[in-house]
$ cat run-v9.pdb   # PDB, C-alpha atoms, pLDDT in the B column
MODEL        1
ATOM      1  CA  MET A   1       3.144 255.664 137.170  1.00 72.00           C
ATOM      2  CA  LEU A   2       1.531 255.761 133.722  1.00 71.00           C
ATOM      3  CA  ASP A   3       2.012 251.992 133.426  1.00 75.00           C
ATOM      4  CA  ASP A   4      -0.725 251.542 136.001  1.00 76.00           C
ATOM      5  CA  PRO A   5      -3.905 250.487 134.132  1.00 75.00           C
ATOM      6  CA  VAL A   6      -5.967 252.717 136.405  1.00 75.00           C
ATOM      7  CA  PHE A   7      -4.934 255.701 134.269  1.00 73.00           C
ATOM      8  CA  ASN A   8      -6.328 254.175 131.097  1.00 71.00           C
ATOM      9  CA  GLU A   9      -9.594 252.988 132.621  1.00 73.00           C
ATOM     10  CA  PRO A  10     -11.451 256.329 132.431  1.00 72.00           C
ATOM     11  CA  PHE A  11     -10.709 256.511 128.701  1.00 70.00           C
ATOM     12  CA  GLN A  12     -11.462 252.820 128.085  1.00 70.00           C
ATOM     13  CA  LEU A  13     -15.094 253.446 128.993  1.00 71.00           C
ATOM     14  CA  PHE A  14     -15.459 255.417 125.766  1.00 69.00           C
ATOM     15  CA  VAL A  15     -14.043 252.705 123.500  1.00 67.00           C
ATOM     16  CA  PRO A  16     -16.223 249.687 122.661  1.00 62.00           C
ATOM     17  CA  PRO A  17     -14.518 246.273 123.112  1.00 64.00           C
ATOM     18  CA  ALA A  18     -14.669 245.677 119.344  1.00 61.00           C
ATOM     19  CA  TRP A  19     -12.225 248.553 118.845  1.00 58.00           C
ATOM     20  CA  SER A  20      -9.246 246.810 120.448  1.00 56.00           C
ATOM     21  CA  GLY A  21      -6.764 248.664 118.203  1.00 58.00           C
ATOM     22  CA  ARG A  22      -8.082 251.983 119.445  1.00 58.00           C
ATOM     23  CA  ARG A  23      -7.595 250.894 123.046  1.00 58.00           C
ATOM     24  CA  ARG A  24      -3.859 250.661 122.422  1.00 63.00           C
ATOM     25  CA  ARG A  25      -3.851 254.073 120.774  1.00 73.00           C
ATOM     26  CA  LEU A  26      -5.545 255.575 123.821  1.00 75.00           C
ATOM     27  CA  GLU A  27      -2.526 254.623 125.907  1.00 77.00           C
ATOM     28  CA  THR A  28      -0.234 256.285 123.367  1.00 83.00           C
ATOM     29  CA  ASN A  29      -2.427 259.398 123.318  1.00 79.00           C
ATOM     30  CA  LEU A  30      -2.524 259.584 127.119  1.00 79.00           C
ATOM     31  CA  ARG A  31       1.275 259.555 127.162  1.00 83.00           C
ATOM     32  CA  LEU A  32       1.337 262.187 124.405  1.00 84.00           C
ATOM     33  CA  MET A  33      -0.979 264.387 126.460  1.00 78.00           C
ATOM     34  CA  PHE A  34       1.466 264.082 129.351  1.00 78.00           C
ATOM     35  CA  LEU A  35       4.376 265.141 127.108  1.00 84.00           C
ATOM     36  CA  LYS A  36       2.315 268.031 125.779  1.00 82.00           C
ATOM     37  CA  PHE A  37       1.521 269.197 129.300  1.00 77.00           C
ATOM     38  CA  ARG A  38       5.141 268.831 130.392  1.00 78.00           C
ATOM     39  CA  TYR A  39       7.075 270.178 127.416  1.00 81.00           C
ATOM     40  CA  LEU A  40       5.208 271.652 124.444  1.00 70.00           C
ATOM     41  CA  PRO A  41       2.177 273.904 124.115  1.00 73.00           C
ATOM     42  CA  GLY A  42       1.014 272.892 120.621  1.00 86.00           C
ATOM     43  CA  ASN A  43      -0.238 269.644 119.136  1.00 87.00           C
ATOM     44  CA  GLU A  44       1.607 270.208 115.857  1.00 90.00           C
ATOM     45  CA  SER A  45       4.950 270.839 117.545  1.00 90.00           C
ATOM     46  CA  LEU A  46       4.401 267.824 119.806  1.00 89.00           C
ATOM     47  CA  CYS A  47       3.776 265.514 116.841  1.00 89.00           C
ATOM     48  CA  GLN A  48       6.789 266.928 114.997  1.00 90.00           C
ATOM     49  CA  GLU A  49       9.034 266.362 118.013  1.00 90.00           C
ATOM     50  CA  MET A  50       7.581 262.872 118.368  1.00 89.00           C
ATOM     51  CA  SER A  51       8.619 262.140 114.758  1.00 89.00           C
ATOM     52  CA  ASP A  52      12.225 263.053 115.589  1.00 90.00           C
ATOM     53  CA  SER A  53      12.654 261.621 119.085  1.00 92.00           C
ATOM     54  CA  ILE A  54      13.335 257.935 119.662  1.00 93.00           C
ATOM     55  CA  ARG A  55      12.996 258.410 123.437  1.00 93.00           C
ATOM     56  CA  TRP A  56       9.564 260.004 123.120  1.00 91.00           C
ATOM     57  CA  ARG A  57       8.479 257.175 120.826  1.00 92.00           C
ATOM     58  CA  GLN A  58       9.641 254.651 123.421  1.00 91.00           C
ATOM     59  CA  PHE A  59       7.847 256.517 126.198  1.00 88.00           C
ATOM     60  CA  CYS A  60       4.630 256.530 124.156  1.00 89.00           C
ATOM     61  CA  ARG A  61       5.159 252.903 123.122  1.00 88.00           C
ATOM     62  CA  LEU A  62       5.212 253.823 119.479  1.00 89.00           C
ATOM     63  CA  GLY A  63       7.533 251.819 117.225  1.00 90.00           C
ATOM     64  CA  LEU A  64       9.892 253.438 114.745  1.00 90.00           C
ATOM     65  CA  ASP A  65       7.815 252.026 111.910  1.00 92.00           C
ATOM     66  CA  GLN A  66       4.502 253.295 113.290  1.00 91.00           C
ATOM     67  CA  PRO A  67       3.057 256.639 112.240  1.00 90.00           C
ATOM     68  CA  VAL A  68       2.828 259.469 114.753  1.00 89.00           C
ATOM     69  CA  PRO A  69      -0.782 260.314 115.673  1.00 85.00           C
ATOM     70  CA  ASP A  70      -2.283 263.225 113.820  1.00 86.00           C
ATOM     71  CA  PRO A  71      -2.402 266.498 115.802  1.00 87.00           C
ATOM     72  CA  THR A  72      -6.182 266.647 115.318  1.00 86.00           C
ATOM     73  CA  THR A  73      -6.516 263.365 117.229  1.00 78.00           C
ATOM     74  CA  LEU A  74      -4.959 265.006 120.269  1.00 77.00           C
ATOM     75  CA  MET A  75      -7.332 267.933 119.930  1.00 80.00           C
ATOM     76  CA  LYS A  76     -10.397 265.685 119.656  1.00 76.00           C
ATOM     77  CA  LEU A  77      -9.589 263.221 122.443  1.00 72.00           C
ATOM     78  CA  PRO A  78     -10.509 265.426 125.439  1.00 70.00           C
ATOM     79  CA  THR A  79     -13.660 266.582 123.639  1.00 75.00           C
ATOM     80  CA  TRP A  80     -14.580 263.053 122.615  1.00 72.00           C
ATOM     81  CA  CYS A  81     -14.121 261.541 126.075  1.00 72.00           C
ATOM     82  CA  GLY A  82     -15.300 264.593 127.964  1.00 73.00           C
ATOM     83  CA  SER A  83     -14.496 265.869 131.400  1.00 71.00           C
ATOM     84  CA  ALA A  84     -15.501 262.581 133.050  1.00 74.00           C
ATOM     85  CA  ALA A  85     -12.439 260.814 131.637  1.00 74.00           C
ATOM     86  CA  VAL A  86     -10.102 263.674 132.528  1.00 71.00           C
ATOM     87  CA  ASP A  87     -11.561 263.824 136.051  1.00 75.00           C
ATOM     88  CA  GLY A  88     -11.128 260.058 136.354  1.00 76.00           C
ATOM     89  CA  VAL A  89      -7.464 260.256 135.390  1.00 75.00           C
ATOM     90  CA  ASN A  90      -6.907 263.127 137.833  1.00 73.00           C
ATOM     91  CA  LYS A  91      -8.566 261.201 140.674  1.00 79.00           C
ATOM     92  CA  ALA A  92      -6.473 258.132 139.887  1.00 80.00           C
ATOM     93  CA  LEU A  93      -3.326 260.250 139.819  1.00 76.00           C
ATOM     94  CA  VAL A  94      -4.086 261.822 143.208  1.00 76.00           C
ATOM     95  CA  ALA A  95      -4.928 258.429 144.759  1.00 82.00           C
ATOM     96  CA  THR A  96      -1.823 256.747 143.349  1.00 81.00           C
ATOM     97  CA  SER A  97       0.386 259.655 144.400  1.00 78.00           C
ATOM     98  CA  ALA A  98      -1.040 259.617 147.918  1.00 81.00           C
ATOM     99  CA  GLU A  99      -0.491 255.844 148.131  1.00 84.00           C
ATOM    100  CA  ALA A 100       3.114 256.281 147.049  1.00 80.00           C
ATOM    101  CA  LYS A 101       3.453 259.118 149.584  1.00 80.00           C
ATOM    102  CA  VAL A 102       4.402 261.565 146.842  1.00 73.00           C
ATOM    103  CA  LEU A 103       1.762 264.051 148.012  1.00 61.00           C
ATOM    104  CA  HIS A 104       2.170 265.859 151.298  1.00 57.00           C
TER     105      HIS A 104
ENDMDL
END

$ encode --input "run-v9.pdb" --output "structure tokens"
Amino acid sequence: MLDDPVFNEPFQLFVPPAWSGRRRRLETNLRLMFLKFRYLPGNESLCQEMSDSIRWRQFCRLGLDQPVPDPTTLMKLPTWCGSAAVDGVNKALVATSAEAKVLH
């Protein structure tokens, strides 16, 4: 489901078009936030696990030669984008889940 561009759109509003490299990193950070929610409570432990896991790197679309995002980036992202972006992702998730008949 995270491949759907609708999940990145709320965060894209906060990145000017000139920052195209940061747009790609937002997708990686969104996937990292999912892994954090699902598996690990801390940003530092998440980034350490990301360094060691080829599967997590693939999931986050991060090459073996690319550096893992800094834990402070994960801490700043929700603050930087605010609740509007998080609410937008949640709304998109509910709508997509309802469309796929995952929600009852």

$ residues_around --input "run-v9.pdb" --residues "A:Pro71" --least-positions-apart "5" --cutoff "10 Å" --atoms "all atoms listed in the file" --output "PyMOL selection string"
chain A and resi 42-48+76

$ atom_distance --input "run-v9.pdb" --atom1 "atom CA of A:Gly63" --atom2 "atom CA of A:Asn90"
27.6 Å

$ atom_distance --input "run-v9.pdb" --atom1 "atom CA of A:Pro10" --atom2 "atom CA of A:Ala85"
4.7 Å

$ closest_residue --input "run-v9.pdb" --among "A:Ala84, A:Lys91, A:Leu32, A:Thr96" --to "A:Asp70" --atoms "only C-alpha atoms"
A:Leu32

$ atom_distance --input "run-v9.pdb" --atom1 "atom CA of A:Arg61" --atom2 "atom CA of A:Thr28"
6.4 Å
